[in-house]
file protein19.csv (CSV, C-alpha atoms)
chain,number,residue,atom,x,y,z
A,1,MET,CA,96.7,85.9,116.0
A,2,ALA,CA,98.1,85.2,119.5
A,3,GLU,CA,101.5,85.8,118.1
A,4,PHE,CA,100.4,89.0,116.5
A,5,LEU,CA,99.0,90.5,119.7
A,6,ASN,CA,101.9,89.3,121.8
A,7,GLU,CA,104.1,91.2,119.3
A,8,VAL,CA,102.2,94.5,119.3
A,9,LEU,CA,100.9,94.5,122.8
A,10,GLN,CA,104.0,95.7,124.6
A,11,PRO,CA,103.3,97.2,128.1
A,12,SER,CA,105.4,100.3,127.6
A,13,SER,CA,104.0,101.2,124.1
A,14,VAL,CA,100.2,100.8,124.4
A,15,PRO,CA,98.4,104.0,125.5
A,16,LEU,CA,95.1,103.5,127.2
A,17,TYR,CA,92.5,106.2,126.6
A,18,LYS,CA,89.5,106.1,128.9
A,19,SER,CA,87.9,109.6,128.9
A,20,PRO,CA,86.4,111.2,125.8
A,21,SER,CA,87.7,114.5,124.5
A,22,CYS,CA,85.5,117.2,122.9
A,23,VAL,CA,87.3,117.9,119.6
A,24,ARG,CA,85.3,119.2,116.6
A,25,LEU,CA,86.0,117.7,113.2
A,26,GLY,CA,86.7,121.2,111.8
A,27,GLU,CA,89.4,121.8,114.4
A,28,LEU,CA,90.8,118.3,113.7
A,29,ILE,CA,91.6,118.9,110.0
A,30,SER,CA,91.8,122.7,109.8
A,31,ASP,CA,95.6,122.9,110.4
A,32,SER,CA,96.5,120.2,107.9
A,33,SER,CA,94.3,121.5,105.1
A,34,GLN,CA,94.5,125.3,105.6
A,35,LYS,CA,97.5,125.7,103.3
A,36,TYR,CA,95.7,123.9,100.5
A,37,LEU,CA,92.4,125.7,101.1
A,38,ASN,CA,94.2,129.0,100.7
A,39,SER,CA,95.5,128.0,97.3
A,40,ALA,CA,93.8,129.6,94.3
A,41,PRO,CA,91.4,127.2,92.6
A,42,SER,CA,92.4,125.7,89.3
A,43,THR,CA,90.5,126.0,86.1
A,44,ASP,CA,90.5,123.7,83.2
A,45,SER,CA,92.4,126.1,81.0
A,46,GLU,CA,95.3,126.6,83.5
A,47,HIS,CA,98.7,125.0,82.8
A,48,TYR,CA,100.8,123.3,85.5
A,49,MET,CA,101.8,125.3,88.5
A,50,GLU,CA,105.4,126.3,88.2
A,51,SER,CA,107.6,125.7,91.3
A,52,THR,CA,110.6,127.8,92.2
A,53,GLU,CA,111.6,125.4,94.9
A,54,SER,CA,111.6,122.1,93.0
A,55,SER,CA,111.7,120.8,89.5
A,56,ASN,CA,108.7,118.6,90.5
A,57,PRO,CA,105.7,120.7,91.4
A,58,TYR,CA,103.9,117.6,92.6
A,59,SER,CA,106.7,116.5,95.0
A,60,LYS,CA,104.4,116.5,98.0
A,61,LEU,CA,102.1,114.1,96.2
A,62,THR,CA,104.8,111.9,94.8
A,63,ASP,CA,106.9,111.5,97.9
A,64,GLY,CA,107.3,107.8,98.5
A,65,PHE,CA,106.1,106.8,95.0
A,66,GLU,CA,108.1,105.9,91.9
A,67,HIS,CA,105.5,104.7,89.5
A,68,ALA,CA,101.9,105.0,88.6
A,69,VAL,CA,99.5,102.9,86.6
A,70,VAL,CA,97.1,104.7,84.2
A,71,HIS,CA,93.9,102.9,83.0
A,72,VAL,CA,92.5,104.8,80.0
A,73,ALA,CA,89.4,104.0,78.0
A,74,VAL,CA,88.6,105.9,74.8
A,75,VAL,CA,85.9,105.9,72.2
A,76,VAL,CA,87.2,105.3,68.7
A,77,PRO,CA,84.9,107.2,66.3
A,78,PRO,CA,84.0,105.6,63.0
A,79,ARG,CA,85.9,106.7,60.0
A,80,SER,CA,83.6,108.9,58.0
A,81,THR,CA,86.1,110.5,55.7
A,82,SER,CA,89.7,109.7,54.7
A,83,GLU,CA,90.8,111.0,58.1
A,84,ARG,CA,89.6,109.4,61.3
A,85,PRO,CA,88.3,111.9,63.9
A,86,PRO,CA,90.4,112.1,67.1
A,87,LEU,CA,89.9,109.6,69.9
A,88,ARG,CA,87.5,110.6,72.7
A,89,LEU,CA,88.3,110.3,76.4
A,90,LEU,CA,85.7,107.9,78.0
A,91,PHE,CA,87.4,107.6,81.4
A,92,ALA,CA,90.9,107.5,82.9
A,93,SER,CA,92.1,106.6,86.3
A,94,VAL,CA,95.6,107.2,87.7
A,95,TRP,CA,96.9,105.0,90.5
A,96,LEU,CA,100.1,105.8,92.3
A,97,LEU,CA,101.9,102.5,93.2
A,98,ALA,CA,102.5,102.2,96.9
A,99,SER,CA,105.8,100.9,98.3
A,100,GLY,CA,106.1,97.1,97.7
A,101,ARG,CA,103.6,97.0,94.8
A,102,GLN,CA,104.7,95.2,91.7
A,103,VAL,CA,104.7,97.2,88.5
A,104,PRO,CA,102.2,95.5,86.2
A,105,LEU,CA,102.9,94.7,82.6
A,106,ARG,CA,101.2,96.5,79.8
A,107,PRO,CA,98.8,94.3,77.7
A,108,ALA,CA,100.3,93.2,74.4
A,109,LYS,CA,97.6,95.3,72.7
A,110,PRO,CA,94.7,97.4,73.9
A,111,TYR,CA,91.4,95.7,74.8
A,112,PHE,CA,89.0,96.5,72.0
A,113,LYS,CA,85.2,96.3,71.5
A,114,LYS,CA,83.6,97.3,68.2
A,115,PHE,CA,80.0,98.4,67.8
A,116,LYS,CA,79.3,98.3,64.1
A,117,GLU,CA,78.9,101.7,62.6
A,118,GLU,CA,79.1,103.7,65.8
A,119,GLY,CA,82.7,103.1,66.6
A,120,ALA,CA,84.5,101.1,69.3
A,121,ILE,CA,85.9,101.2,72.8
A,122,ALA,CA,89.6,100.8,73.4
A,123,ILE,CA,91.2,100.3,76.8
A,124,ASP,CA,94.8,100.3,77.7
A,125,ARG,CA,96.9,100.1,80.9
A,126,ILE,CA,100.1,102.1,81.0
A,127,VAL,CA,103.0,102.5,83.5
A,128,MET,CA,104.5,105.9,84.0
A,129,THR,CA,106.6,107.7,86.6
A,130,ALA,CA,104.5,109.1,89.4
A,131,GLU,CA,105.4,112.6,88.4
A,132,GLU,CA,104.6,112.2,84.7
A,133,ALA,CA,101.3,110.5,85.5
A,134,ILE,CA,100.1,113.4,87.7
A,135,ARG,CA,101.4,115.8,85.1
A,136,TRP,CA,99.3,114.0,82.5
A,137,TYR,CA,96.3,114.0,84.8
A,138,ARG,CA,96.6,117.8,85.2
A,139,THR,CA,96.8,118.5,81.5
A,140,ALA,CA,94.2,121.0,80.2
A,141,SER,CA,91.4,119.2,78.3
A,142,ASP,CA,92.1,121.1,75.1
A,143,GLU,CA,95.8,119.9,75.1
A,144,LEU,CA,95.1,116.3,76.2
A,145,GLY,CA,96.7,113.4,74.5
A,146,THR,CA,96.9,109.7,75.3
A,147,PRO,CA,99.5,109.0,78.0
A,148,ILE,CA,103.0,108.0,77.0
A,149,PRO,CA,104.5,105.0,79.0
A,150,LEU,CA,107.8,105.0,80.8
A,151,ARG,CA,109.3,102.7,78.1
A,152,ASP,CA,108.3,101.0,74.8
A,153,ALA,CA,105.9,103.7,73.5
A,154,ARG,CA,103.7,102.8,70.6
A,155,LYS,CA,103.8,105.5,68.0
A,156,ASP,CA,100.3,104.8,66.6
A,157,SER,CA,98.5,105.0,70.0
A,158,ASP,CA,100.7,106.8,72.6
A,159,GLY,CA,100.8,110.5,72.7
A,160,VAL,CA,98.1,111.0,70.0
A,161,PRO,CA,95.5,113.7,70.4
A,162,LEU,CA,92.6,112.9,72.7
A,163,SER,CA,89.4,114.9,72.6
A,164,ALA,CA,87.8,115.7,76.0
A,165,GLY,CA,85.1,117.9,77.4
A,166,LYS,CA,85.7,120.7,79.9
A,167,LEU,CA,86.9,119.1,83.1
A,168,SER,CA,86.1,120.5,86.5
A,169,ASP,CA,88.0,119.5,89.7
A,170,PHE,CA,86.2,117.9,92.7
A,171,PRO,CA,87.5,118.7,95.2
A,172,THR,CA,89.3,121.9,94.2
A,173,TRP,CA,92.9,121.0,93.1
A,174,PRO,CA,95.3,120.3,94.8
A,175,VAL,CA,93.1,119.1,97.7
A,176,LEU,CA,92.7,115.4,97.9
A,177,GLY,CA,89.9,113.7,99.8
A,178,VAL,CA,88.4,110.4,101.0
A,179,PRO,CA,84.9,109.1,100.4
A,180,LEU,CA,82.5,110.4,103.1
A,181,GLU,CA,80.4,107.5,104.1
A,182,SER,CA,77.2,107.7,106.1
A,183,ASP,CA,77.4,107.2,109.8
A,184,ASP,CA,74.1,105.4,109.9
A,185,ILE,CA,74.3,103.0,112.9
A,186,THR,CA,71.3,101.1,111.5
A,187,LEU,CA,73.6,99.8,108.7
A,188,LYS,CA,71.6,101.6,105.9
A,189,SER,CA,74.1,102.4,103.1
A,190,GLU,CA,74.2,105.1,100.5
A,191,ARG,CA,76.1,105.0,97.2
A,192,PRO,CA,79.7,106.0,97.9
A,193,SER,CA,80.9,109.1,96.0
A,194,ILE,CA,83.9,107.1,94.6
A,195,PRO,CA,83.2,104.3,92.2
A,196,PHE,CA,86.1,102.1,93.3
A,197,ARG,CA,85.4,99.8,96.2
A,198,ASN,CA,87.3,98.1,99.1
A,199,LEU,CA,90.6,99.8,98.2
A,200,GLY,CA,92.0,100.8,101.5
A,201,ILE,CA,93.6,104.0,102.6
A,202,ILE,CA,93.5,106.2,99.5
A,203,ARG,CA,92.9,109.9,98.8
A,204,TYR,CA,91.3,110.9,95.6
A,205,SER,CA,91.0,113.7,93.1
A,206,ARG,CA,88.3,113.8,90.4
A,207,ARG,CA,87.9,115.7,87.2
A,208,ILE,CA,84.3,115.5,86.0
A,209,SER,CA,83.4,116.3,82.4
A,210,ASP,CA,80.6,118.6,81.3
A,211,SER,CA,77.7,117.2,79.5
A,212,GLN,CA,78.5,115.5,76.2
A,213,GLU,CA,76.7,113.5,73.5
A,214,TRP,CA,77.8,109.9,73.4
A,215,PRO,CA,77.2,107.0,71.0
A,216,SER,CA,74.0,105.0,71.8
A,217,PHE,CA,76.0,102.1,73.2
A,218,LEU,CA,76.9,104.4,76.1
A,219,ASP,CA,73.3,105.2,77.0
A,220,GLN,CA,73.2,104.3,80.7
A,221,ASN,CA,69.4,103.7,80.5
A,222,GLY,CA,69.7,101.7,77.3
A,223,GLN,CA,68.6,98.0,77.3
A,224,SER,CA,70.0,97.0,73.9
A,225,LYS,CA,72.5,94.2,73.6
A,226,HIS,CA,75.2,96.7,72.6
A,227,CYS,CA,74.6,98.8,75.8
A,228,GLN,CA,74.9,95.7,78.0
A,229,GLU,CA,78.1,94.6,76.3
A,230,ALA,CA,79.6,98.1,76.4
A,231,PHE,CA,79.1,98.6,80.2
A,232,LYS,CA,80.1,95.0,81.0
A,233,PHE,CA,83.3,95.5,79.0
A,234,LEU,CA,84.1,98.8,80.8
A,235,GLU,CA,83.4,97.4,84.2
A,236,HIS,CA,85.6,94.4,83.6
A,237,HIS,CA,88.6,96.4,82.5
A,238,MET,CA,88.1,99.8,84.2
A,239,HIS,CA,86.6,98.5,87.5
A,240,VAL,CA,83.8,101.0,87.4
A,241,ASP,CA,80.1,100.4,86.9
A,242,PHE,CA,79.2,103.4,84.7
A,243,ARG,CA,75.5,102.6,84.9
A,244,GLU,CA,75.7,103.3,88.6
A,245,TYR,CA,78.2,106.2,88.1
A,246,PRO,CA,77.3,107.8,84.8
A,247,GLU,CA,78.8,111.2,86.0
A,248,TYR,CA,82.3,109.7,85.6
A,249,ILE,CA,81.8,109.1,81.8
A,250,GLY,CA,84.2,111.5,80.0
A,251,GLY,CA,86.2,112.2,83.3
A,252,MET,CA,89.3,111.2,85.2
A,253,ALA,CA,90.2,110.2,88.7
A,254,LEU,CA,93.5,110.2,90.6
A,255,ALA,CA,94.1,107.7,93.5
A,256,VAL,CA,96.9,108.3,95.9
A,257,PRO,CA,97.5,105.5,98.5
A,258,ASP,CA,99.0,106.7,101.8
A,259,CYS,CA,102.7,106.4,101.6
A,260,ASP,CA,103.0,105.4,105.2
A,261,VAL,CA,99.9,103.5,106.3
A,262,HIS,CA,99.3,100.1,104.7
A,263,SER,CA,96.2,99.0,106.6
A,264,VAL,CA,94.0,99.6,109.7
A,265,ARG,CA,92.4,96.8,111.7
A,266,GLN,CA,89.9,97.1,114.6
A,267,PHE,CA,89.5,94.6,117.3
A,268,VAL,CA,86.7,94.5,119.9
A,269,ASP,CA,87.6,92.6,123.1
A,270,PRO,CA,84.7,91.8,125.4
A,271,LYS,CA,85.7,90.9,128.9
A,272,GLU,CA,84.2,88.8,131.7
A,273,ASP,CA,83.2,91.9,133.8
A,274,GLY,CA,81.1,93.4,131.0
A,275,SER,CA,83.7,96.0,129.9
A,276,GLU,CA,85.2,96.1,126.5
A,277,ALA,CA,88.3,97.4,124.8
A,278,LEU,CA,88.6,98.7,121.2
A,279,TYR,CA,92.0,97.9,119.7
A,280,ILE,CA,93.0,99.8,116.6
A,281,HIS,CA,96.1,98.7,114.8
A,282,LEU,CA,97.9,100.6,112.0
A,283,LYS,CA,100.4,98.7,109.8
A,284,PRO,CA,103.0,100.7,107.9
A,285,HIS,CA,104.2,100.0,104.4
A,286,PRO,CA,107.6,98.2,104.2
A,287,GLY,CA,110.4,100.6,105.2
A,288,ARG,CA,108.0,103.4,106.3
A,289,LYS,CA,107.3,104.7,109.8
A,290,LEU,CA,104.1,105.9,111.4
A,291,LYS,CA,104.6,109.5,112.3
A,292,GLY,CA,102.4,112.6,112.5
A,293,LEU,CA,99.2,110.5,112.7
A,294,SER,CA,96.1,111.1,114.8
A,295,LEU,CA,93.1,108.9,115.2
A,296,THR,CA,89.5,110.0,116.1
A,297,SER,CA,87.3,107.2,117.3
A,298,MET,CA,83.6,107.7,117.4
A,299,GLU,CA,81.1,105.5,119.2
A,300,GLY,CA,77.3,105.5,119.2
A,301,GLN,CA,74.2,103.5,120.0
A,302,GLU,CA,70.9,103.6,118.1
A,303,GLY,CA,71.7,106.8,116.2
A,304,ILE,CA,73.1,108.6,119.3
A,305,LEU,CA,76.8,109.7,119.4
A,306,THR,CA,78.2,108.6,122.8
A,307,SER,CA,81.9,109.1,122.5
A,308,PHE,CA,84.4,111.1,120.5
A,309,ASP,CA,88.1,110.6,121.2
A,310,THR,CA,91.1,112.0,119.4
A,311,VAL,CA,94.5,110.5,120.2
A,312,PRO,CA,97.9,110.5,118.6
A,313,VAL,CA,99.0,107.2,117.0
A,314,PRO,CA,102.1,105.8,118.6
A,315,GLU,CA,105.0,104.5,116.4
A,316,ASP,CA,104.0,100.9,117.0
A,317,GLY,CA,100.6,101.7,115.5
A,318,LEU,CA,98.5,100.3,118.3
A,319,VAL,CA,95.8,102.3,120.1
A,320,VAL,CA,93.6,100.8,122.8
A,321,ILE,CA,90.4,102.5,124.1
A,322,GLU,CA,88.8,100.9,127.1
A,323,ARG,CA,85.1,101.2,128.0
A,324,PRO,CA,83.3,100.1,131.1
A,325,SER,CA,80.4,98.6,129.1
A,326,SER,CA,79.7,97.2,125.6
A,327,ILE,CA,80.8,99.1,122.5
A,328,HIS,CA,77.7,99.0,120.4
A,329,GLY,CA,79.1,100.7,117.3
A,330,SER,CA,82.2,102.6,116.3
A,331,GLY,CA,83.8,104.5,113.4
A,332,LEU,CA,87.1,106.3,112.9
A,333,ILE,CA,88.8,109.2,111.1
A,334,LEU,CA,92.6,108.9,110.5
A,335,THR,CA,94.5,112.2,109.8
A,336,HIS,CA,98.1,113.3,109.2
A,337,THR,CA,99.6,116.6,110.1
A,338,GLU,CA,100.5,117.4,106.5
A,339,ARG,CA,98.4,115.1,104.3
A,340,GLY,CA,95.1,115.8,106.1
A,341,VAL,CA,92.3,113.2,106.2
A,342,LEU,CA,93.5,109.7,105.2
A,343,LEU,CA,90.6,107.5,106.1
A,344,GLN,CA,87.0,107.7,107.3
A,345,THR,CA,85.1,104.6,108.2
A,346,PRO,CA,81.3,105.0,109.0
A,347,MET,CA,80.0,104.1,112.4
A,348,ARG,CA,78.9,100.5,112.3
A,349,ARG,CA,77.4,98.1,114.8
A,350,HIS,CA,79.6,95.5,116.5
A,351,GLU,CA,77.5,92.3,116.6
A,352,ASN,CA,79.4,91.1,119.6
A,353,HIS,CA,76.8,88.5,120.7
A,354,ASN,CA,76.1,87.0,117.2
A,355,CYS,CA,79.5,86.8,115.5
A,356,SER,CA,82.1,84.1,115.8
A,357,TYR,CA,85.2,85.0,117.8
A,358,LYS,CA,88.8,83.9,117.6
A,359,ASN,CA,90.8,83.3,120.7
A,360,THR,CA,93.9,85.3,121.3
A,361,VAL,CA,96.2,86.3,124.1
A,362,ASP,CA,97.0,89.7,125.4
A,363,ARG,CA,100.2,90.9,127.1
A,364,ASN,CA,99.1,89.5,130.4
A,365,ASN,CA,98.6,86.0,128.8
A,366,GLN,CA,94.8,86.2,129.4
A,367,ASN,CA,92.6,84.5,126.8
A,368,HIS,CA,90.1,86.8,125.1
A,369,ARG,CA,87.7,86.7,122.2
A,370,ILE,CA,88.3,89.2,119.4
A,371,ALA,CA,86.0,90.4,116.7
A,372,TYR,CA,87.6,91.8,113.6
A,373,ARG,CA,87.1,94.7,111.2
A,374,SER,CA,89.8,95.8,108.7
A,375,VAL,CA,90.7,98.2,106.0
A,376,ALA,CA,93.4,97.0,103.6
A,377,PRO,CA,94.3,97.9,100.0
A,378,ARG,CA,93.0,95.9,97.0
A,379,PRO,CA,93.9,98.2,94.0
A,380,PRO,CA,92.5,97.2,90.6
A,381,TYR,CA,95.8,96.7,88.8
call {"tool": "encode", "arguments": {"input": "protein19.csv", "output": "structure tokens"}}
result
Amino acid sequence: MAEFLNEVLQPSSVPLYKSPSCVRLGELISDSSQKYLNSAPSTDSEHYMESTESSNPYSKLTDGFEHAVVHVAVVVPPRSTSERPPLRLLFASVWLLASGRQVPLRPAKPYFKKFKEEGAIAIDRIVMTAEEAIRWYRTASDELGTPIPLRDARKDSDGVPLSAGKLSDFPTWPVLGVPLESDDITLKSERPSIPFRNLGIIRYSRRISDSQEWPSFLDQNGQSKHCQEAFKFLEHHMHVDFREYPEYIGGMALAVPDCDVHSVRQFVDPKEDGSEALYIHLKPHPGRKLKGLSLTSMEGQEGILTSFDTVPVPEDGLVVIERPSSIHGSGLILTHTERGVLLQTPMRRHENHNCSYKNTVDRNNQNHRIAYRSVAPRPPY
């Protein structure tokens, strides 16, 4: 860690911000999101938006991405006649692959779980181009089929009709958003709106299905062995606890990691005179630069907001905020001039007197104790 701080703590590149600024959150994000908010809302029956400027109408979303991974779970209905009914969409998630991420292999065959006379659940993982994956994600529900991989398609399972309910966008397409977590300084937690956890700097889109009838093994209140097996099987392969998030059954989600920012780490540095400094360090993806970023740091104590600073992020990614006394709790919002809100972390208490510290050295070669908090990606693929 000493080598890390010696590397990033260069005297000429570290801005020190000591006085709070009064910036409203609405002003902070209005410029970056206004062009999206003015767009006409999409409906489930609309086809893709045609672009006169580019052959890829999703170029702003796919900039910096080549591939995407699609996890798709379907209900396989039982065969009641000579023709089997179409597959039913149970849930699908589309993950754009950030720079440096290895493209995963497709399973040799779909994961399969049969439930006697009621049918079965089949789950597959498919690699597509980023553009084609978003195009598939935006398909109208009455035209939906199983996704077709970039190579080695299987004629019996890829591109076949897929039955789905009416899908509604949250937030309105093409706006992407991040989970809004509670700023409860007492550490009380609420259920996040996104069912994926500890995944880093990612913006989301969701398509939630209308109410549908499902086989009994998908009853979220069911206590039968089949119910337990079904939800355990789904959680293992889809990384979603559908008992906790039943509203996602029948729906879809799109996850877009930030193309520039790989991770954010916070360091609290208590000093001998009682003052403290909050270090916030942004690490870029390989080959990317940190430009157009702003960071809002919020501090509070016992449910009272005490500081609200908005500062530009320098190209080296290190922001230092100094305070004359202890920093009891802090949270942050990271925004981009074009992509809007990239990250929101709730205000949380810094247990400076009860946690273990690691020694490090600042640019003046003074020993300090640093407490750590970090946000780094751990995608489920």
call {"tool": "residues_around", "arguments": {"input": "protein19.csv", "residues": "region 152-167 of chain A", "least_positions_apart": "2", "cutoff": "9 Å", "atoms": "all atoms listed in the file", "output": "count of residues only"}}
result
30
call {"tool": "closest_residue", "arguments": {"input": "protein19.csv", "among": "A:Leu342, A:Lys116, A:Val94, A:Thr129", "to": "Ala255 (chain A)", "atoms": "only C-alpha atoms"}}
result
A:Val94
call {"tool": "residues_around", "arguments": {"input": "protein19.csv", "residues": "Leu176 (chain A)", "least_positions_apart": "5", "cutoff": "10 Å", "atoms": "only C-alpha atoms", "output": "compact mmCIF listing (two decimals) with C-alpha atoms, in the coordinates of the input"}}
result
# COMPACT_ATOMS: atom_id res chain seq x y z
CA SER A 33 94.30 121.50 105.10
CA TYR A 36 95.70 123.90 100.50
CA LEU A 61 102.10 114.10 96.20
CA PHE A 170 86.20 117.90 92.70
CA PRO A 171 87.50 118.70 95.20
CA ILE A 202 93.50 106.20 99.50
CA ARG A 203 92.90 109.90 98.80
CA TYR A 204 91.30 110.90 95.60
CA SER A 205 91.00 113.70 93.10
CA ARG A 206 88.30 113.80 90.40
CA LEU A 254 93.50 110.20 90.60
CA ALA A 255 94.10 107.70 93.50
CA VAL A 256 96.90 108.30 95.90
CA ARG A 339 98.40 115.10 104.30
CA GLY A 340 95.10 115.80 106.10
CA VAL A 341 92.30 113.20 106.20
CA LEU A 342 93.50 109.70 105.20
call {"tool": "closest_atom_pairs", "arguments": {"input": "protein19.csv", "of": "region 91-169 of chain A", "to": "region 225-247 of chain A", "cutoff": "8 Å", "atoms": "all atoms listed in the file", "output": "tab-separated table"}}
result
residue	atom	partner	partner_atom	distance
A:Lys113	CA	A:Ala230	CA	7.7
A:Phe115	CA	A:His226	CA	7.0
A:Ile121	CA	A:Ala230	CA	7.9
A:Ile123	CA	A:His237	CA	7.4
call {"tool": "atom_distance", "arguments": {"input": "protein19.csv", "atom1": "CA of Pro179 (chain A)", "atom2": "CA of Gln344 (chain A)"}}
result
7.3 Å
call {"tool": "closest_residue", "arguments": {"input": "protein19.csv", "among": "A:Leu318, A:Arg125, A:Leu293, A:Gly274", "to": "Thr337 (chain A)", "atoms": "all atoms listed in the file"}}
result
A:Leu293
call {"tool": "residues_around", "arguments": {"input": "protein19.csv", "residues": "region 103-110 of chain A", "least_positions_apart": "2", "cutoff": "8 Å", "atoms": "all atoms listed in the file", "output": "ChimeraX atom specification"}}
result
/A:67,69,97,101,112,122-127,381
call {"tool": "atom_distance", "arguments": {"input": "protein19.csv", "atom1": "CA of Ala68 (chain A)", "atom2": "CA of Leu96 (chain A)"}}
result
4.2 Å
call {"tool": "atom_distance", "arguments": {"input": "protein19.csv", "atom1": "CA of Ser99 (chain A)", "atom2": "CA of Lys60 (chain A)"}}
result
15.7 Å
call {"tool": "residues_around", "arguments": {"input": "protein19.csv", "residues": "region 279-292 of chain A", "least_positions_apart": "3", "cutoff": "6 Å", "atoms": "only C-alpha atoms", "output": "MDAnalysis selection string"}}
result
chainID A and resid 260:267 315 317:320 336:337
call {"tool": "closest_residue", "arguments": {"input": "protein19.csv", "among": "A:Thr296, A:Gln223, A:Thr345, A:Val76", "to": "Gly200 (chain A)", "atoms": "only C-alpha atoms"}}
result
A:Thr345
call {"tool": "closest_residue", "arguments": {"input": "protein19.csv", "among": "A:Glu83, A:Cys259, A:Gly331, A:Ser168", "to": "Thr139 (chain A)", "atoms": "all atoms listed in the file"}}
result
A:Ser168
